[in-house]
file work_21.pdb (PDB, C-alpha atoms)
ATOM      1  CA  MET A   1       9.404  -7.756  -6.203
ATOM      2  CA  ASP A   2       6.848 -10.287  -7.437
ATOM      3  CA  GLY A   3       9.654 -12.607  -8.510
ATOM      4  CA  ARG A   4      11.142 -12.433  -5.044
ATOM      5  CA  ARG A   5       7.726 -13.164  -3.507
ATOM      6  CA  ALA A   6       7.284 -16.189  -5.766
ATOM      7  CA  ALA A   7      10.793 -17.341  -4.905
ATOM      8  CA  ASN A   8       9.842 -17.207  -1.221
ATOM      9  CA  GLY A   9       7.003 -19.632  -1.844
ATOM     10  CA  LEU A  10       4.033 -17.282  -2.041
ATOM     11  CA  SER A  11       1.286 -18.327  -4.415
ATOM     12  CA  ILE A  12       0.055 -16.157  -7.276
ATOM     13  CA  ALA A  13      -3.136 -15.521  -5.265
ATOM     14  CA  GLN A  14      -1.127 -14.308  -2.260
ATOM     15  CA  ILE A  15       0.982 -12.031  -4.456
ATOM     16  CA  GLY A  16      -2.256 -10.674  -5.947
ATOM     17  CA  ILE A  17      -3.623  -9.952  -2.470
ATOM     18  CA  LEU A  18      -0.459  -8.033  -1.584
ATOM     19  CA  ALA A  19      -0.693  -6.073  -4.826
ATOM     20  CA  ALA A  20      -4.372  -5.244  -4.189
ATOM     21  CA  LEU A  21      -3.942  -4.234  -0.547
ATOM     22  CA  TYR A  22      -1.889  -1.153  -1.331
ATOM     23  CA  PRO A  23      -4.524   0.731  -3.383
ATOM     24  CA  ALA A  24      -7.323  -0.541  -1.104
ATOM     25  CA  VAL A  25      -5.671   0.866   2.035
ATOM     26  CA  TRP A  26      -4.732   4.054   0.186
ATOM     27  CA  GLY A  27      -8.294   4.583  -1.038
ATOM     28  CA  ALA A  28      -9.868   3.871   2.345
ATOM     29  CA  GLY A  29      -7.397   6.211   4.007
ATOM     30  CA  GLN A  30      -8.410   9.005   1.647
ATOM     31  CA  MET A  31     -11.852   9.167   3.225
ATOM     32  CA  LEU A  32     -10.536   9.934   6.697
ATOM     33  CA  THR A  33      -7.447  11.940   5.826
ATOM     34  CA  GLY A  34      -9.252  14.147   3.309
ATOM     35  CA  TRP A  35     -11.612  15.361   6.007
ATOM     36  CA  TRP A  36      -8.776  15.576   8.536
ATOM     37  CA  SER A  37      -6.573  17.677   6.250
ATOM     38  CA  ASP A  38      -9.417  20.160   5.799
ATOM     39  CA  HIS A  39      -9.280  20.759   9.547
ATOM     40  CA  ILE A  40      -5.549  20.662  10.355
ATOM     41  CA  GLY A  41      -3.783  21.245   7.038
ATOM     42  CA  ARG A  42      -2.017  18.979   4.570
ATOM     43  CA  LYS A  43       1.711  19.308   5.228
ATOM     44  CA  HIS A  44       1.956  17.218   8.389
ATOM     45  CA  LEU A  45      -0.407  14.557   7.060
ATOM     46  CA  ILE A  46       1.564  14.254   3.823
ATOM     47  CA  THR A  47       4.836  13.890   5.729
ATOM     48  CA  ALA A  48       3.397  11.336   8.155
ATOM     49  CA  GLY A  49       1.762   9.414   5.311
ATOM     50  CA  MET A  50       4.969   9.191   3.329
ATOM     51  CA  LEU A  51       6.879   7.959   6.388
ATOM     52  CA  LEU A  52       4.179   5.378   7.086
ATOM     53  CA  GLN A  53       4.239   4.261   3.458
ATOM     54  CA  ALA A  54       8.035   3.889   3.526
ATOM     55  CA  ALA A  55       7.847   1.792   6.699
ATOM     56  CA  ALA A  56       5.115  -0.427   5.243
ATOM     57  CA  ILE A  57       7.014  -0.973   1.992
ATOM     58  CA  ALA A  58      10.177  -1.808   3.951
ATOM     59  CA  LEU A  59       8.240  -4.294   6.100
ATOM     60  CA  VAL A  60       6.723  -6.007   3.065
ATOM     61  CA  GLY A  61      10.102  -6.032   1.320
ATOM     62  CA  ALA A  62      11.872  -7.505   4.349
ATOM     63  CA  GLY A  63       9.254 -10.163   5.002
ATOM     64  CA  THR A  64       9.507 -13.644   3.589
ATOM     65  CA  THR A  65       6.090 -14.959   4.622
ATOM     66  CA  PHE A  66       2.584 -13.904   3.705
ATOM     67  CA  GLY A  67       1.736 -13.008   7.291
ATOM     68  CA  VAL A  68       4.361 -10.283   7.367
TER      69      VAL A  68
END
call {"tool": "encode", "arguments": {"input": "work_21.pdb", "output": "structure tokens"}}
result
Amino acid sequence: MDGRRAANGLSIAQIGILAALYPAVWGAGQMLTGWWSDHIGRKHLITAGMLLQAAAIALVGAGTTFGV
């Protein structure tokens, strides 16, 4: 994917930001969803999280600009 991003004119710094955002959002989300899953259970949160992750990856993959 990084080659495609570079081919679309993104700089190395922008590609690095995209690569760093994923674990940053995942880690920040752990703080809220860990507490939440203790109260409502894990199964629905896991399913919703995987669907959200798939949508986000598809959006990033479909985008050709840094803003997307």
call {"tool": "atom_distance", "arguments": {"input": "work_21.pdb", "atom1": "atom CA of A:Thr33", "atom2": "atom CA of A:Gln14"}}
result
28.2 Å
call {"tool": "closest_residue", "arguments": {"input": "work_21.pdb", "among": "A:Val25, A:Leu32, A:Ala20, A:Ala13", "to": "A:Leu52", "atoms": "all atoms listed in the file"}}
result
A:Val25
call {"tool": "residues_around", "arguments": {"input": "work_21.pdb", "residues": "A:Ile46", "least_positions_apart": "4", "cutoff": "12 Å", "atoms": "only C-alpha atoms", "output": "ChimeraX atom specification"}}
result
/A:30,33-34,36-37,40-42,50-53
call {"tool": "write_last_selection", "arguments": {"input": "work_21.pdb", "atoms": "C-alpha atoms", "output": "PDB file, in the frame of the given file"}}
result
ATOM      1  CA  GLN A  30      -8.410   9.005   1.647  1.00  0.00           C
ATOM      2  CA  THR A  33      -7.447  11.940   5.826  1.00  0.00           C
ATOM      3  CA  GLY A  34      -9.252  14.147   3.309  1.00  0.00           C
ATOM      4  CA  TRP A  36      -8.776  15.576   8.536  1.00  0.00           C
ATOM      5  CA  SER A  37      -6.573  17.677   6.250  1.00  0.00           C
ATOM      6  CA  ILE A  40      -5.549  20.662  10.355  1.00  0.00           C
ATOM      7  CA  GLY A  41      -3.783  21.245   7.038  1.00  0.00           C
ATOM      8  CA  ARG A  42      -2.017  18.979   4.570  1.00  0.00           C
ATOM      9  CA  MET A  50       4.969   9.191   3.329  1.00  0.00           C
ATOM     10  CA  LEU A  51       6.879   7.959   6.388  1.00  0.00           C
ATOM     11  CA  LEU A  52       4.179   5.378   7.086  1.00  0.00           C
ATOM     12  CA  GLN A  53       4.239   4.261   3.458  1.00  0.00           C
TER      13      GLN A  53
END
call {"tool": "residues_around", "arguments": {"input": "work_21.pdb", "residues": "A:Ile17", "least_positions_apart": "5", "cutoff": "12 Å", "atoms": "all atoms listed in the file", "output": "number ranges by chain"}}
result
A: 2, 5, 10-12, 22-25, 66-67
call {"tool": "atom_distance", "arguments": {"input": "work_21.pdb", "atom1": "atom CA of A:Trp26", "atom2": "atom CA of A:Val60"}}
result
15.5 Å
call {"tool": "axis_aligned_box", "arguments": {"input": "work_21.pdb", "around": "stretch 38-47 of chain A", "padding_each_side": "8 Å", "output": "JSON"}}
result
{"center_x": -2.3, "center_y": 17.6, "center_z": 7.1, "size_x": 30.3, "size_y": 23.4, "size_z": 22.5}
call {"tool": "atom_distance", "arguments": {"input": "work_21.pdb", "atom1": "atom CA of A:Ile57", "atom2": "atom CA of A:Trp35"}}
result
25.1 Å
call {"tool": "decode", "arguments": {"input": "work_21.pdb", "residues": "stretch 35-50 of chain A", "atoms": "all heavy atoms", "output": "mmCIF file, in the first residue's frame"}}
result
data_model
loop_
_atom_site.group_PDB
_atom_site.id
_atom_site.type_symbol
_atom_site.label_atom_id
_atom_site.label_comp_id
_atom_site.auth_asym_id
_atom_site.auth_seq_id
_atom_site.Cartn_x
_atom_site.Cartn_y
_atom_site.Cartn_z
ATOM 1 N N TRP A 35 -13.112 -0.601 29.377
ATOM 2 C CA TRP A 35 -14.075 -0.332 30.445
ATOM 3 C C TRP A 35 -15.486 -0.709 30.001
ATOM 4 O O TRP A 35 -16.244 -1.331 30.734
ATOM 5 C CB TRP A 35 -14.006 1.144 30.817
ATOM 6 C CG TRP A 35 -15.113 1.564 31.748
ATOM 7 C CD1 TRP A 35 -15.128 1.434 33.102
ATOM 8 C CD2 TRP A 35 -16.353 2.151 31.379
ATOM 9 N NE1 TRP A 35 -16.319 1.920 33.603
ATOM 10 C CE2 TRP A 35 -17.089 2.363 32.558
ATOM 11 C CE3 TRP A 35 -16.918 2.527 30.162
ATOM 12 C CZ2 TRP A 35 -18.358 2.936 32.566
ATOM 13 C CZ3 TRP A 35 -18.176 3.094 30.165
ATOM 14 C CH2 TRP A 35 -18.885 3.290 31.360
ATOM 15 N N TRP A 36 -15.818 -0.318 28.764
ATOM 16 C CA TRP A 36 -17.164 -0.567 28.235
ATOM 17 C C TRP A 36 -17.452 -2.060 28.154
ATOM 18 O O TRP A 36 -18.537 -2.516 28.496
ATOM 19 C CB TRP A 36 -17.278 0.104 26.882
ATOM 20 C CG TRP A 36 -18.661 0.303 26.359
ATOM 21 C CD1 TRP A 36 -19.840 0.152 27.035
ATOM 22 C CD2 TRP A 36 -19.010 0.700 25.047
ATOM 23 N NE1 TRP A 36 -20.895 0.435 26.215
ATOM 24 C CE2 TRP A 36 -20.408 0.780 24.980
ATOM 25 C CE3 TRP A 36 -18.277 1.000 23.913
ATOM 26 C CZ2 TRP A 36 -21.090 1.136 23.831
ATOM 27 C CZ3 TRP A 36 -18.965 1.366 22.767
ATOM 28 C CH2 TRP A 36 -20.353 1.429 22.722
ATOM 29 N N SER A 37 -16.483 -2.839 27.704
ATOM 30 C CA SER A 37 -16.701 -4.286 27.566
ATOM 31 C C SER A 37 -16.884 -4.961 28.919
ATOM 32 O O SER A 37 -17.566 -5.985 29.011
ATOM 33 C CB SER A 37 -15.555 -4.942 26.798
ATOM 34 O OG SER A 37 -14.388 -5.001 27.581
ATOM 35 N N ASP A 38 -16.301 -4.392 29.967
ATOM 36 C CA ASP A 38 -16.524 -4.932 31.309
ATOM 37 C C ASP A 38 -17.985 -4.796 31.721
ATOM 38 O O ASP A 38 -18.500 -5.597 32.500
ATOM 39 C CB ASP A 38 -15.649 -4.213 32.336
ATOM 40 C CG ASP A 38 -14.176 -4.564 32.208
ATOM 41 O OD1 ASP A 38 -13.871 -5.599 31.583
ATOM 42 O OD2 ASP A 38 -13.347 -3.797 32.729
ATOM 43 N N HIS A 39 -18.662 -3.797 31.180
ATOM 44 C CA HIS A 39 -20.044 -3.532 31.560
ATOM 45 C C HIS A 39 -21.071 -4.191 30.632
ATOM 46 O O HIS A 39 -22.149 -4.557 31.101
ATOM 47 C CB HIS A 39 -20.309 -2.035 31.628
ATOM 48 C CG HIS A 39 -19.521 -1.358 32.702
ATOM 49 N ND1 HIS A 39 -19.458 -1.818 34.004
ATOM 50 C CD2 HIS A 39 -18.738 -0.261 32.683
ATOM 51 C CE1 HIS A 39 -18.696 -1.032 34.723
ATOM 52 N NE2 HIS A 39 -18.229 -0.075 33.944
ATOM 53 N N ILE A 40 -20.766 -4.311 29.345
ATOM 54 C CA ILE A 40 -21.777 -4.841 28.419
ATOM 55 C C ILE A 40 -21.368 -6.145 27.747
ATOM 56 O O ILE A 40 -22.165 -6.743 27.051
ATOM 57 C CB ILE A 40 -22.165 -3.804 27.337
ATOM 58 C CG1 ILE A 40 -21.003 -3.526 26.382
ATOM 59 C CG2 ILE A 40 -22.665 -2.535 27.963
ATOM 60 C CD1 ILE A 40 -21.409 -2.784 25.136
ATOM 61 N N GLY A 41 -20.147 -6.567 27.910
ATOM 62 C CA GLY A 41 -19.668 -7.783 27.256
ATOM 63 C C GLY A 41 -18.831 -7.467 26.033
ATOM 64 O O GLY A 41 -18.865 -6.363 25.497
ATOM 65 N N ARG A 42 -18.082 -8.464 25.583
ATOM 66 C CA ARG A 42 -17.106 -8.253 24.506
ATOM 67 C C ARG A 42 -17.636 -8.507 23.108
ATOM 68 O O ARG A 42 -17.195 -7.884 22.155
ATOM 69 C CB ARG A 42 -15.904 -9.176 24.703
ATOM 70 C CG ARG A 42 -15.103 -8.893 25.914
ATOM 71 C CD ARG A 42 -13.888 -9.772 25.955
ATOM 72 N NE ARG A 42 -14.268 -11.173 25.820
ATOM 73 C CZ ARG A 42 -13.646 -12.163 26.377
ATOM 74 N NH1 ARG A 42 -12.598 -11.930 27.119
ATOM 75 N NH2 ARG A 42 -14.037 -13.401 26.213
ATOM 76 N N LYS A 43 -18.538 -9.468 22.946
ATOM 77 C CA LYS A 43 -18.886 -9.943 21.605
ATOM 78 C C LYS A 43 -19.374 -8.845 20.673
ATOM 79 O O LYS A 43 -18.913 -8.746 19.533
ATOM 80 C CB LYS A 43 -19.919 -11.061 21.692
ATOM 81 C CG LYS A 43 -19.348 -12.322 22.282
ATOM 82 C CD LYS A 43 -20.381 -13.420 22.319
ATOM 83 C CE LYS A 43 -19.790 -14.659 22.974
ATOM 84 N NZ LYS A 43 -20.756 -15.748 23.021
ATOM 85 N N HIS A 44 -20.285 -8.017 21.129
ATOM 86 C CA HIS A 44 -20.816 -6.963 20.257
ATOM 87 C C HIS A 44 -19.761 -5.894 19.962
ATOM 88 O O HIS A 44 -19.704 -5.368 18.844
ATOM 89 C CB HIS A 44 -22.062 -6.336 20.875
ATOM 90 C CG HIS A 44 -23.208 -7.283 20.998
ATOM 91 N ND1 HIS A 44 -23.840 -7.840 19.919
ATOM 92 C CD2 HIS A 44 -23.812 -7.802 22.086
ATOM 93 C CE1 HIS A 44 -24.795 -8.646 20.318
ATOM 94 N NE2 HIS A 44 -24.798 -8.654 21.642
ATOM 95 N N LEU A 45 -18.933 -5.586 20.946
ATOM 96 C CA LEU A 45 -17.882 -4.594 20.716
ATOM 97 C C LEU A 45 -16.831 -5.108 19.734
ATOM 98 O O LEU A 45 -16.332 -4.350 18.900
ATOM 99 C CB LEU A 45 -17.218 -4.195 22.031
ATOM 100 C CG LEU A 45 -18.062 -3.333 22.966
ATOM 101 C CD1 LEU A 45 -17.321 -3.083 24.269
ATOM 102 C CD2 LEU A 45 -18.419 -2.021 22.305
ATOM 103 N N ILE A 46 -16.500 -6.382 19.823
ATOM 104 C CA ILE A 46 -15.533 -6.958 18.888
ATOM 105 C C ILE A 46 -16.089 -6.914 17.472
ATOM 106 O O ILE A 46 -15.400 -6.511 16.528
ATOM 107 C CB ILE A 46 -15.148 -8.389 19.302
ATOM 108 C CG1 ILE A 46 -14.311 -8.349 20.587
ATOM 109 C CG2 ILE A 46 -14.401 -9.104 18.179
ATOM 110 C CD1 ILE A 46 -14.067 -9.711 21.204
ATOM 111 N N THR A 47 -17.344 -7.310 17.311
ATOM 112 C CA THR A 47 -17.969 -7.302 15.987
ATOM 113 C C THR A 47 -18.032 -5.885 15.426
ATOM 114 O O THR A 47 -17.648 -5.646 14.272
ATOM 115 C CB THR A 47 -19.385 -7.898 16.054
ATOM 116 O OG1 THR A 47 -19.303 -9.219 16.571
ATOM 117 C CG2 THR A 47 -20.036 -7.922 14.689
ATOM 118 N N ALA A 48 -18.499 -4.941 16.230
ATOM 119 C CA ALA A 48 -18.586 -3.554 15.770
ATOM 120 C C ALA A 48 -17.201 -2.987 15.455
ATOM 121 O O ALA A 48 -17.025 -2.279 14.454
ATOM 122 C CB ALA A 48 -19.273 -2.695 16.835
ATOM 123 N N GLY A 49 -16.219 -3.311 16.267
ATOM 124 C CA GLY A 49 -14.862 -2.829 16.028
ATOM 125 C C GLY A 49 -14.264 -3.370 14.746
ATOM 126 O O GLY A 49 -13.598 -2.645 14.012
ATOM 127 N N MET A 50 -14.518 -4.630 14.469
ATOM 128 C CA MET A 50 -13.985 -5.209 13.230
ATOM 129 C C MET A 50 -14.664 -4.602 12.006
ATOM 130 O O MET A 50 -14.013 -4.365 10.980
ATOM 131 C CB MET A 50 -14.136 -6.728 13.256
ATOM 132 C CG MET A 50 -13.237 -7.366 14.302
ATOM 133 S SD MET A 50 -13.340 -9.147 14.316
ATOM 134 C CE MET A 50 -12.262 -9.523 12.946
#
